[in-house]
$ cat protein.cif   # mmCIF, C-alpha atoms
data_final
loop_
_atom_site.group_PDB
_atom_site.id
_atom_site.type_symbol
_atom_site.label_atom_id
_atom_site.label_comp_id
_atom_site.auth_asym_id
_atom_site.auth_seq_id
_atom_site.Cartn_x
_atom_site.Cartn_y
_atom_site.Cartn_z
ATOM 1 C CA MET A 59 -20.601 -12.477 -22.088
ATOM 2 C CA LYS A 60 -21.969 -9.186 -20.929
ATOM 3 C CA LEU A 61 -19.109 -6.794 -20.237
ATOM 4 C CA LEU A 62 -19.136 -3.522 -18.350
ATOM 5 C CA VAL A 63 -16.264 -1.243 -19.369
ATOM 6 C CA THR A 64 -15.734 1.812 -17.170
ATOM 7 C CA GLY A 65 -13.686 4.756 -18.397
ATOM 8 C CA ALA A 66 -14.535 3.605 -21.921
ATOM 9 C CA ALA A 67 -13.708 7.012 -23.424
ATOM 10 C CA GLY A 68 -10.231 7.072 -21.850
ATOM 11 C CA HIS A 69 -7.061 6.108 -23.660
ATOM 12 C CA VAL A 70 -6.706 2.495 -22.484
ATOM 13 C CA GLY A 71 -10.464 1.929 -22.548
ATOM 14 C CA SER A 72 -10.606 3.092 -26.150
ATOM 15 C CA LEU A 73 -7.706 0.835 -27.138
ATOM 16 C CA ALA A 74 -9.372 -2.145 -25.476
ATOM 17 C CA LEU A 75 -12.704 -1.874 -27.289
ATOM 18 C CA PRO A 76 -11.578 -3.238 -30.686
ATOM 19 C CA GLY A 77 -10.514 -6.466 -28.961
ATOM 20 C CA LEU A 78 -13.936 -6.883 -27.348
ATOM 21 C CA SER A 79 -16.330 -5.539 -29.967
ATOM 22 C CA GLY A 80 -18.258 -8.218 -31.840
ATOM 23 C CA ARG A 81 -17.279 -10.864 -29.277
ATOM 24 C CA HIS A 82 -19.327 -9.735 -26.284
ATOM 25 C CA GLU A 83 -22.263 -7.552 -25.283
ATOM 26 C CA LEU A 84 -20.750 -4.215 -24.282
ATOM 27 C CA LEU A 85 -22.047 -1.700 -21.755
ATOM 28 C CA LEU A 86 -19.752 1.334 -21.734
ATOM 29 C CA VAL A 87 -19.596 3.895 -18.924
ATOM 30 C CA ASP A 88 -17.834 7.233 -18.740
ATOM 31 C CA LEU A 89 -18.642 10.906 -18.307
ATOM 32 C CA ARG A 90 -18.678 11.259 -22.095
ATOM 33 C CA PRO A 91 -19.180 8.675 -24.870
ATOM 34 C CA PRO A 92 -16.128 7.168 -26.549
ATOM 35 C CA VAL A 93 -15.256 8.303 -30.055
ATOM 36 C CA GLY A 94 -16.690 5.746 -32.465
ATOM 37 C CA LEU A 95 -19.138 3.733 -30.365
ATOM 38 C CA PRO A 96 -18.698 0.051 -31.335
ATOM 39 C CA PRO A 97 -21.674 -1.476 -33.186
ATOM 40 C CA GLY A 98 -24.260 -2.803 -30.758
ATOM 41 C CA ALA A 99 -22.585 -1.294 -27.686
ATOM 42 C CA ARG A 100 -24.618 0.714 -25.195
ATOM 43 C CA PHE A 101 -23.307 3.817 -23.459
ATOM 44 C CA GLN A 102 -24.303 5.282 -20.105
ATOM 45 C CA SER A 103 -22.966 8.514 -18.665
ATOM 46 C CA LEU A 104 -22.289 8.043 -14.955
ATOM 47 C CA ASN A 105 -19.941 9.370 -12.281
ATOM 48 C CA LEU A 106 -18.915 6.216 -10.413
ATOM 49 C CA LEU A 107 -17.781 8.161 -7.357
ATOM 50 C CA GLU A 108 -21.023 10.100 -6.941
ATOM 51 C CA ALA A 109 -23.573 7.565 -8.225
ATOM 52 C CA GLY A 110 -26.075 6.204 -5.707
ATOM 53 C CA ASP A 111 -26.062 2.582 -4.624
ATOM 54 C CA ALA A 112 -29.244 1.899 -6.594
ATOM 55 C CA GLU A 113 -27.620 3.301 -9.761
ATOM 56 C CA LEU A 114 -24.617 1.027 -9.325
ATOM 57 C CA GLU A 115 -26.836 -1.966 -8.626
ATOM 58 C CA ALA A 116 -28.714 -1.375 -11.877
ATOM 59 C CA LEU A 117 -25.491 -0.788 -13.803
ATOM 60 C CA PHE A 118 -23.868 -4.045 -12.677
ATOM 61 C CA ALA A 119 -26.977 -6.221 -13.005
ATOM 62 C CA GLY A 120 -26.387 -9.230 -15.248
ATOM 63 C CA VAL A 121 -22.742 -8.360 -15.937
ATOM 64 C CA ASP A 122 -20.269 -11.244 -16.293
ATOM 65 C CA VAL A 123 -16.966 -9.333 -16.380
ATOM 66 C CA VAL A 124 -16.053 -5.738 -15.499
ATOM 67 C CA VAL A 125 -13.116 -3.931 -17.109
ATOM 68 C CA HIS A 126 -12.395 -0.986 -14.830
ATOM 69 C CA SER A 127 -10.330 1.726 -16.514
ATOM 70 C CA ALA A 128 -12.082 4.828 -15.164
ATOM 71 C CA TYR A 129 -9.657 7.278 -13.596
ATOM 72 C CA ILE A 130 -9.770 10.694 -11.920
ATOM 73 C CA PRO A 131 -6.601 12.565 -13.015
ATOM 74 C CA SER A 132 -4.365 13.861 -10.237
ATOM 75 C CA GLY A 133 -1.668 15.524 -12.351
ATOM 76 C CA ALA A 134 -1.550 18.087 -15.116
ATOM 77 C CA ILE A 135 0.535 15.921 -17.458
ATOM 78 C CA ASP A 136 1.606 12.507 -16.200
ATOM 79 C CA VAL A 137 2.966 10.715 -13.177
ATOM 80 C CA TYR A 138 6.374 12.350 -13.646
ATOM 81 C CA SER A 139 5.040 15.885 -13.898
ATOM 82 C CA ALA A 140 5.951 18.340 -11.168
ATOM 83 C CA GLU A 141 2.562 20.076 -11.532
ATOM 84 C CA PRO A 142 1.024 19.773 -9.030
ATOM 85 C CA PRO A 143 3.726 18.541 -6.658
ATOM 86 C CA GLN A 144 3.567 14.801 -6.027
ATOM 87 C CA ILE A 145 2.603 15.165 -2.377
ATOM 88 C CA GLU A 146 -0.469 17.203 -3.294
ATOM 89 C CA ARG A 147 -1.947 14.360 -5.338
ATOM 90 C CA PHE A 148 -3.100 12.252 -2.404
ATOM 91 C CA GLU A 149 -6.744 13.317 -2.281
ATOM 92 C CA ALA A 150 -7.385 12.755 -5.994
ATOM 93 C CA GLU A 151 -5.698 9.363 -5.861
ATOM 94 C CA PHE A 152 -7.578 8.447 -2.690
ATOM 95 C CA ALA A 153 -10.783 9.182 -4.614
ATOM 96 C CA ASN A 154 -9.649 6.664 -7.229
ATOM 97 C CA ILE A 155 -9.252 4.044 -4.518
ATOM 98 C CA ARG A 156 -12.791 4.781 -3.332
ATOM 99 C CA VAL A 157 -14.049 4.276 -6.889
ATOM 100 C CA ALA A 158 -12.201 0.946 -7.074
ATOM 101 C CA GLN A 159 -13.830 -0.141 -3.807
ATOM 102 C CA ARG A 160 -17.271 0.745 -5.173
ATOM 103 C CA VAL A 161 -16.544 -1.297 -8.311
ATOM 104 C CA TYR A 162 -15.370 -4.346 -6.348
ATOM 105 C CA ARG A 163 -18.317 -4.196 -3.974
ATOM 106 C CA ALA A 164 -20.930 -3.666 -6.685
ATOM 107 C CA ALA A 165 -19.406 -6.517 -8.696
ATOM 108 C CA LEU A 166 -19.486 -8.827 -5.683
ATOM 109 C CA GLN A 167 -23.100 -8.025 -4.886
ATOM 110 C CA ALA A 168 -24.229 -8.370 -8.513
ATOM 111 C CA GLY A 169 -22.697 -11.813 -8.994
ATOM 112 C CA VAL A 170 -20.032 -10.633 -11.463
ATOM 113 C CA ARG A 171 -17.476 -13.386 -12.106
ATOM 114 C CA ARG A 172 -14.340 -11.306 -12.793
ATOM 115 C CA VAL A 173 -13.041 -7.763 -12.461
ATOM 116 C CA VAL A 174 -10.185 -6.707 -14.735
ATOM 117 C CA MET A 175 -8.494 -3.692 -13.195
ATOM 118 C CA VAL A 176 -6.444 -1.379 -15.404
ATOM 119 C CA SER A 177 -3.467 -0.847 -13.130
ATOM 120 C CA SER A 178 -0.082 0.594 -14.060
ATOM 121 C CA ASN A 179 3.603 -0.225 -14.107
ATOM 122 C CA HIS A 180 3.891 2.624 -11.603
ATOM 123 C CA ALA A 181 2.416 0.322 -8.926
ATOM 124 C CA ALA A 182 5.964 -1.007 -8.518
ATOM 125 C CA ASP A 183 8.038 1.690 -10.167
ATOM 126 C CA TRP A 184 10.437 2.096 -7.253
ATOM 127 C CA TYR A 185 12.318 -0.915 -8.666
ATOM 128 C CA GLU A 186 12.678 0.811 -12.006
ATOM 129 C CA HIS A 187 13.796 4.147 -10.586
ATOM 130 C CA ALA A 188 16.077 2.835 -7.849
ATOM 131 C CA GLN A 189 17.381 -0.422 -9.310
ATOM 132 C CA VAL A 190 16.801 -0.874 -13.054
ATOM 133 C CA HIS A 191 18.060 2.589 -13.896
ATOM 134 C CA GLN A 192 21.102 1.939 -11.726
ATOM 135 C CA ARG A 193 21.699 -1.466 -13.356
ATOM 136 C CA GLN A 194 21.182 -3.304 -10.089
ATOM 137 C CA ARG A 195 18.544 -5.529 -11.693
ATOM 138 C CA ASP A 196 17.421 -6.334 -15.229
ATOM 139 C CA MET A 197 13.807 -7.345 -14.730
ATOM 140 C CA VAL A 198 10.845 -6.461 -12.513
ATOM 141 C CA TYR A 199 8.423 -9.327 -11.846
ATOM 142 C CA PRO A 200 4.691 -9.366 -11.050
ATOM 143 C CA GLY A 201 5.445 -11.118 -7.756
ATOM 144 C CA ASP A 202 7.715 -8.362 -6.460
ATOM 145 C CA LEU A 203 6.243 -6.300 -3.646
ATOM 146 C CA PRO A 204 4.191 -3.412 -5.078
ATOM 147 C CA LEU A 205 6.491 -0.544 -4.137
ATOM 148 C CA ALA A 206 5.784 2.871 -5.676
ATOM 149 C CA ASP A 207 7.579 6.132 -4.972
ATOM 150 C CA ASN A 208 4.626 8.394 -5.840
ATOM 151 C CA PHE A 209 0.926 8.636 -4.993
ATOM 152 C CA TYR A 210 -0.227 7.647 -8.483
ATOM 153 C CA GLY A 211 1.601 4.333 -8.267
ATOM 154 C CA TRP A 212 0.613 3.911 -4.621
ATOM 155 C CA ALA A 213 -3.044 4.197 -5.605
ATOM 156 C CA LYS A 214 -2.643 1.606 -8.354
ATOM 157 C CA ALA A 215 -0.945 -0.759 -5.899
ATOM 158 C CA SER A 216 -3.825 -0.112 -3.507
ATOM 159 C CA TYR A 217 -6.370 -1.149 -6.178
ATOM 160 C CA GLU A 218 -4.452 -4.392 -6.543
ATOM 161 C CA LEU A 219 -4.231 -5.212 -2.835
ATOM 162 C CA LEU A 220 -7.827 -4.095 -2.307
ATOM 163 C CA GLY A 221 -8.903 -6.810 -4.718
ATOM 164 C CA HIS A 222 -7.209 -9.596 -2.764
ATOM 165 C CA PRO A 223 -9.778 -10.033 0.054
ATOM 166 C CA TYR A 224 -12.501 -10.088 -2.612
ATOM 167 C CA ALA A 225 -10.590 -12.811 -4.478
ATOM 168 C CA CYS A 226 -10.086 -14.738 -1.228
ATOM 169 C CA GLY A 227 -13.841 -15.093 -0.746
ATOM 170 C CA SER A 228 -13.806 -13.137 2.509
ATOM 171 C CA PHE A 229 -17.195 -11.583 1.737
ATOM 172 C CA GLY A 230 -19.181 -14.689 0.871
ATOM 173 C CA ARG A 231 -17.819 -15.778 -2.502
ATOM 174 C CA GLN A 232 -14.659 -15.480 -4.566
ATOM 175 C CA LEU A 233 -14.467 -12.654 -7.102
ATOM 176 C CA GLU A 234 -11.830 -13.248 -9.771
ATOM 177 C CA VAL A 235 -9.505 -10.234 -9.978
ATOM 178 C CA VAL A 236 -6.956 -9.492 -12.712
ATOM 179 C CA MET A 237 -4.680 -6.443 -12.524
ATOM 180 C CA LEU A 238 -3.068 -5.234 -15.738
ATOM 181 C CA ARG A 239 0.022 -3.125 -15.088
ATOM 182 C CA ILE A 240 -0.054 -1.187 -18.329
ATOM 183 C CA GLY A 241 3.281 0.044 -19.675
ATOM 184 C CA SER A 242 3.302 2.887 -22.204
ATOM 185 C CA PRO A 243 0.426 2.560 -24.709
ATOM 186 C CA TYR A 244 1.497 5.543 -26.812
ATOM 187 C CA PRO A 245 3.532 5.985 -30.003
ATOM 188 C CA ILE A 246 7.213 6.616 -29.348
ATOM 189 C CA GLN A 247 8.174 10.108 -30.477
ATOM 190 C CA ALA A 248 11.885 9.770 -31.194
ATOM 191 C CA ALA A 249 12.343 13.530 -31.522
ATOM 192 C CA ARG A 250 11.847 13.852 -27.767
ATOM 193 C CA TYR A 251 15.087 11.922 -27.207
ATOM 194 C CA GLU A 252 17.334 13.621 -29.741
ATOM 195 C CA PRO A 253 20.548 15.168 -28.392
ATOM 196 C CA GLY A 254 19.720 18.638 -27.145
ATOM 197 C CA ALA A 255 15.985 17.985 -26.784
ATOM 198 C CA PRO A 256 14.574 19.847 -23.757
ATOM 199 C CA ALA A 257 14.124 17.765 -20.608
ATOM 200 C CA VAL A 258 10.691 17.593 -18.985
ATOM 201 C CA ALA A 259 10.531 19.000 -15.456
ATOM 202 C CA SER A 260 10.051 16.130 -13.041
ATOM 203 C CA SER A 261 10.002 15.540 -9.313
ATOM 204 C CA LEU A 262 10.747 11.826 -9.788
ATOM 205 C CA PRO A 263 13.884 9.995 -10.985
ATOM 206 C CA ARG A 264 13.381 10.176 -14.739
ATOM 207 C CA PRO A 265 15.942 9.287 -17.412
ATOM 208 C CA SER A 266 16.525 11.691 -20.274
ATOM 209 C CA GLY A 267 18.003 11.593 -23.751
ATOM 210 C CA LEU A 268 19.074 8.184 -25.058
ATOM 211 C CA ALA A 269 18.414 6.565 -21.695
ATOM 212 C CA ALA A 270 14.802 7.731 -21.874
ATOM 213 C CA PHE A 271 14.540 6.448 -25.453
ATOM 214 C CA LYS A 272 15.622 2.986 -24.344
ATOM 215 C CA ARG A 273 13.168 3.139 -21.479
ATOM 216 C CA ALA A 274 10.402 4.014 -23.963
ATOM 217 C CA LEU A 275 11.377 1.060 -26.159
ATOM 218 C CA GLY A 276 11.151 -1.316 -23.203
ATOM 219 C CA ALA A 277 7.842 0.067 -21.901
ATOM 220 C CA TRP A 278 5.944 0.324 -25.206
ATOM 221 C CA LEU A 279 2.554 -1.321 -25.709
ATOM 222 C CA SER A 280 1.135 -1.292 -29.232
ATOM 223 C CA ASP A 281 -2.541 -0.660 -29.931
ATOM 224 C CA ARG A 282 -3.245 -4.198 -31.100
ATOM 225 C CA ASP A 283 -1.314 -5.774 -28.229
ATOM 226 C CA CYS A 284 -3.260 -3.608 -25.752
ATOM 227 C CA ALA A 285 -6.546 -4.813 -27.250
ATOM 228 C CA ALA A 286 -5.325 -8.418 -27.142
ATOM 229 C CA LEU A 287 -4.137 -8.142 -23.537
ATOM 230 C CA VAL A 288 -7.491 -6.890 -22.276
ATOM 231 C CA ARG A 289 -9.313 -9.529 -24.336
ATOM 232 C CA CYS A 290 -7.126 -12.251 -22.802
ATOM 233 C CA ALA A 291 -7.747 -10.892 -19.290
ATOM 234 C CA VAL A 292 -11.490 -11.027 -19.950
ATOM 235 C CA GLU A 293 -11.650 -14.416 -21.656
ATOM 236 C CA ALA A 294 -8.932 -16.548 -19.975
ATOM 237 C CA GLN A 295 -10.619 -19.571 -18.441
ATOM 238 C CA ALA A 296 -8.330 -20.862 -15.685
ATOM 239 C CA ILE A 297 -6.266 -17.921 -14.502
ATOM 240 C CA VAL A 298 -4.750 -19.758 -11.496
ATOM 241 C CA ALA A 299 -4.192 -23.343 -10.405
ATOM 242 C CA GLU A 300 -7.041 -25.150 -8.680
ATOM 243 C CA GLY A 301 -7.352 -24.074 -5.056
ATOM 244 C CA ALA A 302 -5.350 -20.870 -5.503
ATOM 245 C CA VAL A 303 -6.752 -17.408 -4.921
ATOM 246 C CA PRO A 304 -8.042 -16.095 -8.306
ATOM 247 C CA TRP A 305 -5.949 -12.926 -8.168
ATOM 248 C CA VAL A 306 -3.449 -12.161 -10.930
ATOM 249 C CA VAL A 307 -1.007 -9.311 -11.541
ATOM 250 C CA ALA A 308 0.244 -9.072 -15.131
ATOM 251 C CA TYR A 309 2.395 -6.513 -16.899
ATOM 252 C CA GLY A 310 1.108 -5.030 -20.142
ATOM 253 C CA ILE A 311 3.778 -4.362 -22.757
ATOM 254 C CA SER A 312 4.503 -5.623 -26.247
ATOM 255 C CA ASP A 313 7.090 -8.310 -27.002
ATOM 256 C CA ASN A 314 9.888 -5.778 -26.689
ATOM 257 C CA THR A 315 13.543 -6.725 -27.055
ATOM 258 C CA ARG A 316 14.439 -4.159 -24.359
ATOM 259 C CA ALA A 317 11.663 -5.147 -21.917
ATOM 260 C CA PHE A 318 12.456 -4.805 -18.230
ATOM 261 C CA TRP A 319 9.049 -5.955 -16.926
ATOM 262 C CA SER A 320 8.298 -9.666 -16.984
ATOM 263 C CA LEU A 321 5.416 -10.949 -19.131
ATOM 264 C CA GLY A 322 5.474 -14.316 -17.351
ATOM 265 C CA SER A 323 2.032 -14.121 -15.737
ATOM 266 C CA ALA A 324 0.486 -12.411 -18.772
ATOM 267 C CA ARG A 325 1.671 -15.240 -21.021
ATOM 268 C CA HIS A 326 1.122 -18.237 -18.751
ATOM 269 C CA GLN A 327 -1.990 -17.269 -16.780
ATOM 270 C CA LEU A 328 -3.829 -15.090 -19.293
ATOM 271 C CA GLY A 329 -2.630 -16.618 -22.568
ATOM 272 C CA TYR A 330 -1.324 -13.276 -23.869
ATOM 273 C CA ARG A 331 0.746 -13.532 -27.045
ATOM 274 C CA PRO A 332 2.012 -10.058 -28.016
ATOM 275 C CA GLN A 333 2.707 -9.540 -31.701
ATOM 276 C CA ASP A 334 4.792 -6.374 -31.790
ATOM 277 C CA ASP A 335 8.336 -5.430 -30.779
ATOM 278 C CA SER A 336 9.393 -1.794 -30.471
ATOM 279 C CA GLU A 337 12.855 -2.744 -31.735
ATOM 280 C CA VAL A 338 11.281 -3.701 -35.068
ATOM 281 C CA VAL A 339 8.539 -1.074 -35.287
ATOM 282 C CA TYR A 340 10.976 1.750 -34.489
ATOM 283 C CA ALA A 341 14.007 0.156 -36.165
ATOM 284 C CA ALA A 342 14.910 3.299 -38.106
ATOM 285 C CA ASP A 343 14.994 5.376 -34.918
ATOM 286 C CA VAL A 344 16.969 2.673 -33.107
ATOM 287 C CA ARG A 345 19.599 2.640 -35.856
ATOM 288 C CA ARG A 346 19.811 6.408 -35.947
ATOM 289 C CA LEU A 347 19.957 7.060 -32.197
ATOM 290 C CA LEU A 348 21.486 3.927 -30.695
ATOM 291 C CA MET A 349 23.724 2.446 -33.389
ATOM 292 C CA SER A 350 25.654 5.506 -34.389
ATOM 293 C CA GLY A 351 28.429 5.087 -31.835
ATOM 294 C CA ALA A 352 26.909 7.474 -29.302
ATOM 295 C CA ALA A 353 28.377 7.145 -25.809
ATOM 296 C CA GLY A 354 26.204 5.135 -23.433
ATOM 297 C CA ALA A 355 23.991 3.765 -26.207
ATOM 298 C CA ALA A 356 25.012 0.122 -25.962
ATOM 299 C CA GLY A 357 23.236 -2.563 -23.947
ATOM 300 C CA PRO A 358 19.709 -3.913 -23.695
ATOM 301 C CA LEU A 359 18.534 -1.116 -21.427
ATOM 302 C CA GLY A 360 21.551 0.912 -20.412
ATOM 303 C CA LEU A 361 19.719 3.601 -18.506
ATOM 304 C CA GLY A 362 22.890 4.530 -16.676
ATOM 305 C CA ALA A 363 25.657 6.686 -18.143
#
$ encode --input "protein.cif" --output "structure tokens"
Amino acid sequence: MKLLVTGAAGHVGSLALPGLSGRHELLLVDLRPPVGLPPGARFQSLNLLEAGDAELEALFAGVDVVVHSAYIPSGAIDVYSAEPPQIERFEAEFANIRVAQRVYRAALQAGVRRVVMVSSNHAADWYEHAQVHQRQRDMVYPGDLPLADNFYGWAKASYELLGHPYACGSFGRQLEVVMLRIGSPYPIQAARYEPGAPAVASSLPRPSGLAAFKRALGAWLSDRDCAALVRCAVEAQAIVAEGAVPWVVAYGISDNTRAFWSLGSARHQLGYRPQDDSEVVYAADVRRLLMSGAAGAAGPLGLGA
């Protein structure tokens, strides 16, 4: 297939490329080229928000599947960062929604079969902050209402819902839409969770210390599992039952013992088979931090005291 990957130089885009390289024709788009352009891949520098309609039409011509991971940052560090304040992030996140709309529309008009949207666990992170951390629930499911408590997550949820009328066929034909709610695709730095480690300033409910370590273990997505997840989202043949709207939300984490997001739709609709488990990969850190008799360390998640 011919694949268009937006935001190809970004973190998730870069992790996805090894799972696609050598299997498909790749057209990569970003403001700068990715490090280590895959053999045979083509790169085009383009600002998807500012590009003209004719530029988008040419870019999407002949494409079978789009992987959209381009993103305009709204915060200095991450979604939890207090800089800038959460309420000031609306305009940047609204621009991301406009980019998503341009991608959906260009894909529809060009005859693209499927759009794989790189979404985020933050699209429904209210459940984590208000319920999982308080031990009121153990698992968050793809079918739960997309409730975020910040503009970053709200924008991701908006990408997802924006794709539904396209998947319904409301504009002339059905466009298959897959949303990947990526967890934490970064190495776990155990030193950040040591007793006495400085807490990061945050305007959102954020666990610290051992609770944050357990959260990191549950949210982790390894490099190879990230590549496999995107490959599955691109290549899965029948993503929904016959007659259903071709619109899928799937969480993106590894096969973690301490997972608190369900991989049900990723496994059953996309055929995702994660290979890694943070409990195994970071076993030495788990033994040192969680099995030394420290208060509050027991339990599968145990984000409370």
$ residues_around --input "protein.cif" --residues "A:Glu149" --least-positions-apart "5" --cutoff "10 Å" --atoms "all atoms listed in the file" --output "PyMOL selection string"
chain A and resi 132+154-155+209
$ atom_distance --input "protein.cif" --atom1 "atom CA of A:Tyr224" --atom2 "atom CA of A:Ala112"
21.0 Å
$ closest_residue --input "protein.cif" --among "A:Ser178, A:Ser312, A:Gln232, A:Ser139" --to "A:Ala213" --atoms "all atoms listed in the file"
A:Ser178
$ atom_distance --input "protein.cif" --atom1 "atom CA of A:Val307" --atom2 "atom CA of A:Glu83"
25.4 Å
$ closest_residue --input "protein.cif" --among "A:Gly329, A:Pro243, A:Pro91, A:Gly169" --to "A:Arg289" --atoms "all atoms listed in the file"
A:Gly329
$ resolve_selection --input "protein.cif" --expression "the PyMOL selection byres ((chain A and resi 214-223) around 8)" --output "PDB file with C-alpha atoms, in the coordinates of the input"
ATOM      1  CA  ILE A 155      -9.252   4.044  -4.518  1.00  0.00           C
ATOM      2  CA  ALA A 158     -12.201   0.946  -7.074  1.00  0.00           C
ATOM      3  CA  GLN A 159     -13.830  -0.141  -3.807  1.00  0.00           C
ATOM      4  CA  TYR A 162     -15.370  -4.346  -6.348  1.00  0.00           C
ATOM      5  CA  MET A 175      -8.494  -3.692 -13.195  1.00  0.00           C
ATOM      6  CA  SER A 177      -3.467  -0.847 -13.130  1.00  0.00           C
ATOM      7  CA  SER A 178      -0.082   0.594 -14.060  1.00  0.00           C
ATOM      8  CA  HIS A 180       3.891   2.624 -11.603  1.00  0.00           C
ATOM      9  CA  ALA A 181       2.416   0.322  -8.926  1.00  0.00           C
ATOM     10  CA  ALA A 182       5.964  -1.007  -8.518  1.00  0.00           C
ATOM     11  CA  PRO A 204       4.191  -3.412  -5.078  1.00  0.00           C
ATOM     12  CA  LEU A 205       6.491  -0.544  -4.137  1.00  0.00           C
ATOM     13  CA  ALA A 206       5.784   2.871  -5.676  1.00  0.00           C
ATOM     14  CA  TYR A 210      -0.227   7.647  -8.483  1.00  0.00           C
ATOM     15  CA  GLY A 211       1.601   4.333  -8.267  1.00  0.00           C
ATOM     16  CA  TRP A 212       0.613   3.911  -4.621  1.00  0.00           C
ATOM     17  CA  ALA A 213      -3.044   4.197  -5.605  1.00  0.00           C
ATOM     18  CA  TYR A 224     -12.501 -10.088  -2.612  1.00  0.00           C
ATOM     19  CA  ALA A 225     -10.590 -12.811  -4.478  1.00  0.00           C
ATOM     20  CA  CYS A 226     -10.086 -14.738  -1.228  1.00  0.00           C
ATOM     21  CA  GLY A 227     -13.841 -15.093  -0.746  1.00  0.00           C
ATOM     22  CA  SER A 228     -13.806 -13.137   2.509  1.00  0.00           C
ATOM     23  CA  PHE A 229     -17.195 -11.583   1.737  1.00  0.00           C
ATOM     24  CA  VAL A 235      -9.505 -10.234  -9.978  1.00  0.00           C
ATOM     25  CA  MET A 237      -4.680  -6.443 -12.524  1.00  0.00           C
ATOM     26  CA  TRP A 305      -5.949 -12.926  -8.168  1.00  0.00           C
ATOM     27  CA  VAL A 307      -1.007  -9.311 -11.541  1.00  0.00           C
TER      28      VAL A 307
END
$ resolve_selection --input "protein.cif" --expression "the PyMOL selection byres ((chain A and resi 93) around 10)" --output "PyMOL selection string"
chain A and resi 66-68+72+90-92+94-96
$ write_last_selection --input "protein.cif" --atoms "C-alpha atoms" --output "short mmCIF file (atom, residue, chain, number, x, y, z; two decimals), in the frame of the given file"
data_model
loop_
_atom_site.label_atom_id
_atom_site.label_comp_id
_atom_site.auth_asym_id
_atom_site.auth_seq_id
_atom_site.Cartn_x
_atom_site.Cartn_y
_atom_site.Cartn_z
CA ALA A 66 -14.54 3.60 -21.92
CA ALA A 67 -13.71 7.01 -23.42
CA GLY A 68 -10.23 7.07 -21.85
CA SER A 72 -10.61 3.09 -26.15
CA ARG A 90 -18.68 11.26 -22.10
CA PRO A 91 -19.18 8.68 -24.87
CA PRO A 92 -16.13 7.17 -26.55
CA GLY A 94 -16.69 5.75 -32.47
CA LEU A 95 -19.14 3.73 -30.36
CA PRO A 96 -18.70 0.05 -31.34
#
$ atom_distance --input "protein.cif" --atom1 "atom CA of A:Cys284" --atom2 "atom CA of A:Gln333"
10.3 Å
$ closest_residue --input "protein.cif" --among "A:Ile135, A:Val258, A:Ala248, A:Ala324" --to "A:Arg346" --atoms "all atoms listed in the file"
A:Ala248
$ resolve_selection --input "protein.cif" --expression "the PyMOL selection byres ((chain A and resi 276) around 10)" --output "ChimeraX atom specification"
/A:241-242,270-275,277-279,311-319,335-337,358-359
$ closest_residue --input "protein.cif" --among "A:Ser266, A:Asn208, A:Ser350, A:Ser79" --to "A:Trp184" --atoms "all atoms listed in the file"
A:Asn208
$ closest_residue --input "protein.cif" --among "A:Ile145, A:Ala302, A:Ala257, A:Ala164" --to "A:Ala109" --atoms "all atoms listed in the file"
A:Ala164
$ closest_residue --input "protein.cif" --among "A:Asp136, A:Glu113, A:Glu300, A:Glu186" --to "A:Asp207" --atoms "only C-alpha atoms"
A:Glu186
$ residues_near_point --input "protein.cif" --point "(15.2, 15.5, -22.5)" --cutoff "10 Å" --atoms "all atoms listed in the file" --output "list in words"
Ala249, Arg250, Tyr251, Glu252, Pro253, Gly254, Ala255, Pro256, Ala257, Val258, Ala259, Arg264, Pro265, Ser266, Gly267, Leu268, Ala269, Ala270 and Phe271 of chain A
